[in-house]
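J.: Below you'll find the structure I mean.
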Amino acid sequence: MEKLPAIEIQPAKGRLGILTPGMGAVATTFIAGIIAIRKGLGKPIGSLTQMGTIRIGKRTEKKFPLIKEFVPLTNLEDIYFGGWDIFEDDAYQSALKSGVLEKTLLDQIRPELEAIKPWPAVFDKRYVKKLDGTYVKQARTKWDYAQMVMEDIARFKEEHRLDRLVMIWCGSTEVYLKQQDVHENLEAFEKGLKENHPGIAPSMIYAYAAIKMGIPYANGAPNLTVDIPAMYELARETRTPIAGKDFKTGQTLMKTIIAPGLKARLLGLHGWFSTNILGNRDGEVLDDPESFKTKEESKLSVLEYILQPELYPDLYKNFYHKVRINYYPPRGDNKEGWDNIDIFGWLGYSMQIKIDFLCRDSILAAPIVLDLALFLDLAKRADFSGIQEWLSFYFKSPMHLPELYPEHDLFIQLMKLTLRFMRGEEQITHLGADYYDFYK
Ligand SMILES: NC(=O)c1ccc[n+]([C@@H]2O[C@H](COP(=O)([O-])OP(=O)(O)OC[C@H]3O[C@@H](n4cnc5c(N)ncnc54)[C@H](O)[C@@H]3O)[C@@H](O)[C@H]2O)c1
């Protein structure tokens with residue numbers, strides 16, 4: 001295969017600010033993790049940008065550079081953190097309350113964490129019914145709120161002399177919103193901001209502010225936020241990369257690992273029942289049926305797309321898929337996810353697979369926040385804009401162009417990461433035909 005010309009990428013010089021609306025369990029596990037890693041107190045396990053390698057050329061060439069050496073990424077030393085929350089807790093207090101990382105670790109980085117104080121949030125209880133915000137901005141219109149977010153960002157950039165910024169939504173899951181007229185184009189959306197249209201959720205106000213300023217945005221929750229034509233238009237206009245939705249961490253990660261394997265071996269599926277118990281604030285928010293609906297939509301579509309029942313009716317027509325999330329405070333952030341998978345094989349004989357995943361949600365999410373921040377910054381420097389489908393790897397419900405269907409298979413998603421393409425390196429087919437005698 002021919003080498004392609006490399007894409008011109010601006011160097012990752014200077015400082016990168018990572019903005020997180022929401023400074024709860026995921027955001028503080030991420031922030032504390034980066035600070036701890038910088039001090040040699042831990043390793044960035046789970047992060048492709050930090051630990052991953054990439055094969056270049058033929059297997060016989062034995063070239064496997066680290067991804068962070070292959071493409072120009074920001075160093076962890078050059079990262080600065082800023083964010084918003086509806087509670088005033090600094091990153092130390094919030095991390096402590098989240099109960100993910102041990103106090104002994106947090107105490108070793110306490111001054112750095114205490115220095116990270118959230119800015120008052122844009123919040124409206126109608127969109128997250130289980131929370132009562134006490135630390136929130138006051139403005140007359142949603143347009144004014146957007147201006148205030150932009151002012152926060154500009155101040156933060158100036159204070160820390162930042163060169164570039166990215167925003168990763170780590171706030172709560174909002175109530176289910178359907179695309180409507182106000183989302184159709186930028187003009188309608190901006191009018192909606194000025195008229196306080198109910199179709200515009202707080203997450204959209206942050207996203208609008210970021211994208212308007214040319215700051216890449218990733219959506220860690222299943223909220224509609226940037227998955228609307230108005231935001232695509234703004235992203236095109238300001239040449240800004242956007243990505244989403246909903247970090248792919250625990251149960252869905254397992255699903256997108258196992259389902260492609262079942263399909264590859266043409267094993268049938270009668271049903272897949274998934275249930276979870278979790279006790280963190282995210283679990284409490286998801287206890288509200290309207291927030292759960294947003295999450296459920298995001299979790300359910302995965303199997304349909306991977307298994308392609310229309311191509312394999314004998315195997316996957318009418319399989320039953322159920323997902324439950326139960327709020328159970330004693331478990332805190334340590335979620336337990338059970339899967340019962342009823343499969344069938346040769347002549348239709350049935351079998352079962354049981355998975356009991358005792359996972360730590362935020363431990364799985366933190367490296368995703370880091371990778372998304374660094375890859376979105378890379379995308380911006382490579383002048384990519386609009387939906388970054390190549391980042392599907394990180395999402396339960398990957399955003400895609402309207403004419404495409406989403407790619408959920410984790411292994412295809414890994415191949416979609418466009419890093420070789422960016423560097424003008426040959427794409428690897430894994431065919432291996434040129435190693436065989438018959439080919440020579
Ligand atoms: N942890 C995971 O594995 C995982 C996986 C996929 C998605 N997510 C999503 O990531 C998000 C964060 O998860 P978490 O476990 O950190 O939850 P969390 O409840 O600990 O943190 C969310 C924070 O957002 C704040 N918040 C809510 N609305 C806000 C607003 N309008 N502006 C600013 N702050 C706001 C809350 O006060 C809270 O501190 C959730 O939406 C969750 O569904 C998490």
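Following the order of the structure tokens, first chain is A, next is B, and so on, with residues numbered from 1 inside each chain and ligands from 1 in the order they appear.
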Write out as an NGL selection string each polymer residue (protein, DNA or RNA) that has an atom no more than 7 Å from ligand 1, with only C-alpha atoms and all ligand atoms counted.
T.: :A and (21-27 or 84-87 or 98 or 121-124 or 128 or 170-173 or 202-203 or 220-222 or 246-250 or 280-282 or 361-362 or 364-365)
J.: Neighbouring residues of Tyr349 of chain A were defined as those with any atom within 12 Å, considering only C-alpha atoms; residues of the same chain fewer than 4 positions away were excluded. Please report them as a list in words.
T.: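 The contact residues come out as Leu267, Gly268, Leu269, His270, Asp342, Ile343, Phe344 and Gly345 of chain A.
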J.: Taking only C-alpha atoms into account, which of A:Ile54, A:Pro118, A:Asp163, A:His321 comes nearest Gln427 of chain A?
T.: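 With only C-alpha atoms as the atom set, the closest residue is A:Ile54.
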J.: Restricting the calculation to only C-alpha atoms, which member of A:Ile228, A:Leu376, A:Ile306, A:Leu404 is positioned closest to Leu73 of chain A?
T.: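 Between A:Ile228, A:Leu376, A:Ile306, A:Leu404, the residue approaching Leu73 of chain A most closely is A:Leu376.
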J.: Would you compute the distance between atom CA of Gln93 of chain A and atom CA of Ala154 of chain A? Give it in Å to one decimal.
T.: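 Atom CA of Ala154 of chain A lies 25.6 Å from atom CA of Gln93 of chain A.
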J.: With DSSP run on the backbone, what are the strand (DSSP E) residues within segment 263-333 of chain A? I'd like them as a ChimeraX atom specification.
T.: /A:268-278,320-327
J.: Please identify which residues in segment 242-432 of chain A DSSP calls alpha helix (DSSP H) from the backbone, and express them as a ChimeraX atom specification.
T.: /A:251-264,281-286,289-307,313-316,361-381,410-416,419-422
J.: Keeping only C-alpha atoms, take the residues you just selected and write them out as an mmCIF file, in the first residue's frame.
T.:
```
data_model
loop_
_atom_site.group_PDB
_atom_site.id
_atom_site.type_symbol
_atom_site.label_atom_id
_atom_site.label_comp_id
_atom_site.auth_asym_id
_atom_site.auth_seq_id
_atom_site.Cartn_x
_atom_site.Cartn_y
_atom_site.Cartn_z
ATOM 1 C CA GLN A 251 -20.598 -2.814 31.436
ATOM 2 C CA THR A 252 -20.838 -1.369 27.934
ATOM 3 C CA LEU A 253 -17.089 -1.734 27.522
ATOM 4 C CA MET A 254 -17.470 -5.452 28.315
ATOM 5 C CA LYS A 255 -20.419 -5.709 25.934
ATOM 6 C CA THR A 256 -18.458 -4.216 23.060
ATOM 7 C CA ILE A 257 -15.592 -6.626 23.759
ATOM 8 C CA ILE A 258 -17.705 -9.781 23.997
ATOM 9 C CA ALA A 259 -20.421 -9.200 21.401
ATOM 10 C CA PRO A 260 -17.956 -8.860 18.464
ATOM 11 C CA GLY A 261 -16.430 -12.196 19.557
ATOM 12 C CA LEU A 262 -19.788 -13.964 19.586
ATOM 13 C CA LYS A 263 -20.581 -12.577 16.159
ATOM 14 C CA ALA A 264 -17.160 -13.478 14.775
ATOM 15 C CA ARG A 281 -23.834 10.708 42.992
ATOM 16 C CA ASP A 282 -24.081 9.573 39.379
ATOM 17 C CA GLY A 283 -26.145 6.592 40.611
ATOM 18 C CA GLU A 284 -28.380 8.949 42.559
ATOM 19 C CA VAL A 285 -28.928 11.171 39.514
ATOM 20 C CA LEU A 286 -29.712 8.104 37.402
ATOM 21 C CA PRO A 289 -36.399 8.033 35.509
ATOM 22 C CA GLU A 290 -35.865 10.992 33.168
ATOM 23 C CA SER A 291 -32.070 10.943 33.567
ATOM 24 C CA PHE A 292 -32.102 7.142 33.379
ATOM 25 C CA LYS A 293 -33.934 7.315 30.057
ATOM 26 C CA THR A 294 -31.042 9.326 28.590
ATOM 27 C CA LYS A 295 -28.599 6.691 29.854
ATOM 28 C CA GLU A 296 -30.746 3.760 28.773
ATOM 29 C CA GLU A 297 -30.977 4.998 25.179
ATOM 30 C CA SER A 298 -27.209 5.259 25.144
ATOM 31 C CA LYS A 299 -26.657 1.743 26.517
ATOM 32 C CA LEU A 300 -29.267 -0.123 24.483
ATOM 33 C CA SER A 301 -28.248 0.565 20.910
ATOM 34 C CA VAL A 302 -24.838 -1.103 21.227
ATOM 35 C CA LEU A 303 -25.858 -4.729 20.598
ATOM 36 C CA GLU A 304 -28.157 -4.000 17.655
ATOM 37 C CA TYR A 305 -25.348 -2.306 15.773
ATOM 38 C CA ILE A 306 -22.670 -4.859 16.574
ATOM 39 C CA LEU A 307 -24.738 -7.966 15.898
ATOM 40 C CA PRO A 313 -31.605 -13.202 11.205
ATOM 41 C CA ASP A 314 -31.028 -16.841 12.284
ATOM 42 C CA LEU A 315 -28.690 -15.691 15.018
ATOM 43 C CA TYR A 316 -29.851 -12.306 16.198
ATOM 44 C CA ASP A 361 -16.336 3.528 37.447
ATOM 45 C CA SER A 362 -14.162 6.579 37.810
ATOM 46 C CA ILE A 363 -10.934 4.564 37.677
ATOM 47 C CA LEU A 364 -12.054 3.412 34.238
ATOM 48 C CA ALA A 365 -13.257 6.868 33.184
ATOM 49 C CA ALA A 366 -10.208 8.945 34.210
ATOM 50 C CA PRO A 367 -7.841 7.699 31.453
ATOM 51 C CA ILE A 368 -10.606 8.302 28.914
ATOM 52 C CA VAL A 369 -10.830 11.949 29.973
ATOM 53 C CA LEU A 370 -7.071 12.286 29.522
ATOM 54 C CA ASP A 371 -6.975 10.590 26.118
ATOM 55 C CA LEU A 372 -9.913 12.597 24.831
ATOM 56 C CA ALA A 373 -8.362 15.855 25.985
ATOM 57 C CA LEU A 374 -5.015 15.075 24.339
ATOM 58 C CA PHE A 375 -6.481 13.651 21.133
ATOM 59 C CA LEU A 376 -8.967 16.517 20.718
ATOM 60 C CA ASP A 377 -6.144 18.979 21.168
ATOM 61 C CA LEU A 378 -4.191 17.013 18.553
ATOM 62 C CA ALA A 379 -7.214 17.136 16.231
ATOM 63 C CA LYS A 380 -7.430 20.896 16.637
ATOM 64 C CA ARG A 381 -3.736 21.288 15.837
ATOM 65 C CA LEU A 410 -14.211 -1.939 20.218
ATOM 66 C CA PHE A 411 -11.689 -3.537 17.861
ATOM 67 C CA ILE A 412 -12.954 -1.731 14.784
ATOM 68 C CA GLN A 413 -12.989 1.449 16.856
ATOM 69 C CA LEU A 414 -9.335 0.917 17.742
ATOM 70 C CA MET A 415 -8.475 0.575 14.056
ATOM 71 C CA LYS A 416 -10.408 3.767 13.339
ATOM 72 C CA LEU A 419 -2.974 8.075 13.916
ATOM 73 C CA ARG A 420 -1.147 6.283 11.081
ATOM 74 C CA PHE A 421 -3.144 8.299 8.585
ATOM 75 C CA MET A 422 -2.182 11.541 10.334
#
```
J.: Restricting the calculation to only C-alpha atoms, which member of A:Arg331, A:Lys178, A:Arg423, A:His183 is positioned closest to His197 of chain A?
T.: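 Comparing A:Arg331, A:Lys178, A:Arg423, A:His183 against His197 of chain A, the winner is A:His183.
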J.: Got a sec: who's within 7 Å of Met167 of chain A, counting only C-alpha atoms, leaving out chain neighbours fewer than 5 positions off, as a short mmCIF file (atom, residue, chain, number, x, y, z; two decimals) with N, CA, C and O atoms, in the first residue's frame?
T.:
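Resulting contents of result.cif:
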```
data_model
loop_
_atom_site.label_atom_id
_atom_site.label_comp_id
_atom_site.auth_asym_id
_atom_site.auth_seq_id
_atom_site.Cartn_x
_atom_site.Cartn_y
_atom_site.Cartn_z
N ILE A 18 -7.39 22.15 30.59
CA ILE A 18 -8.50 21.20 30.43
C ILE A 18 -9.65 21.66 31.31
O ILE A 18 -9.52 21.75 32.53
N LEU A 19 -10.76 21.99 30.66
CA LEU A 19 -11.93 22.52 31.35
C LEU A 19 -12.93 21.39 31.58
O LEU A 19 -13.26 20.66 30.63
N THR A 20 -13.41 21.25 32.80
CA THR A 20 -14.44 20.24 33.05
C THR A 20 -15.67 20.87 33.71
O THR A 20 -15.62 21.21 34.88
N ALA A 210 -17.83 27.05 24.54
CA ALA A 210 -16.53 26.48 24.15
C ALA A 210 -16.35 26.53 22.64
O ALA A 210 -15.35 27.04 22.13
N ILE A 215 -12.88 26.07 21.04
CA ILE A 215 -12.32 25.10 21.99
C ILE A 215 -12.97 23.74 21.77
O ILE A 215 -14.20 23.62 21.85
N PRO A 216 -12.17 22.69 21.49
CA PRO A 216 -12.74 21.36 21.27
C PRO A 216 -13.57 20.90 22.47
O PRO A 216 -13.25 21.21 23.61
N TYR A 217 -14.62 20.13 22.18
CA TYR A 217 -15.55 19.72 23.24
C TYR A 217 -15.83 18.23 23.12
O TYR A 217 -16.16 17.73 22.05
N ALA A 218 -15.73 17.52 24.26
CA ALA A 218 -16.15 16.11 24.29
C ALA A 218 -17.22 15.94 25.35
O ALA A 218 -17.15 16.53 26.43
#
```
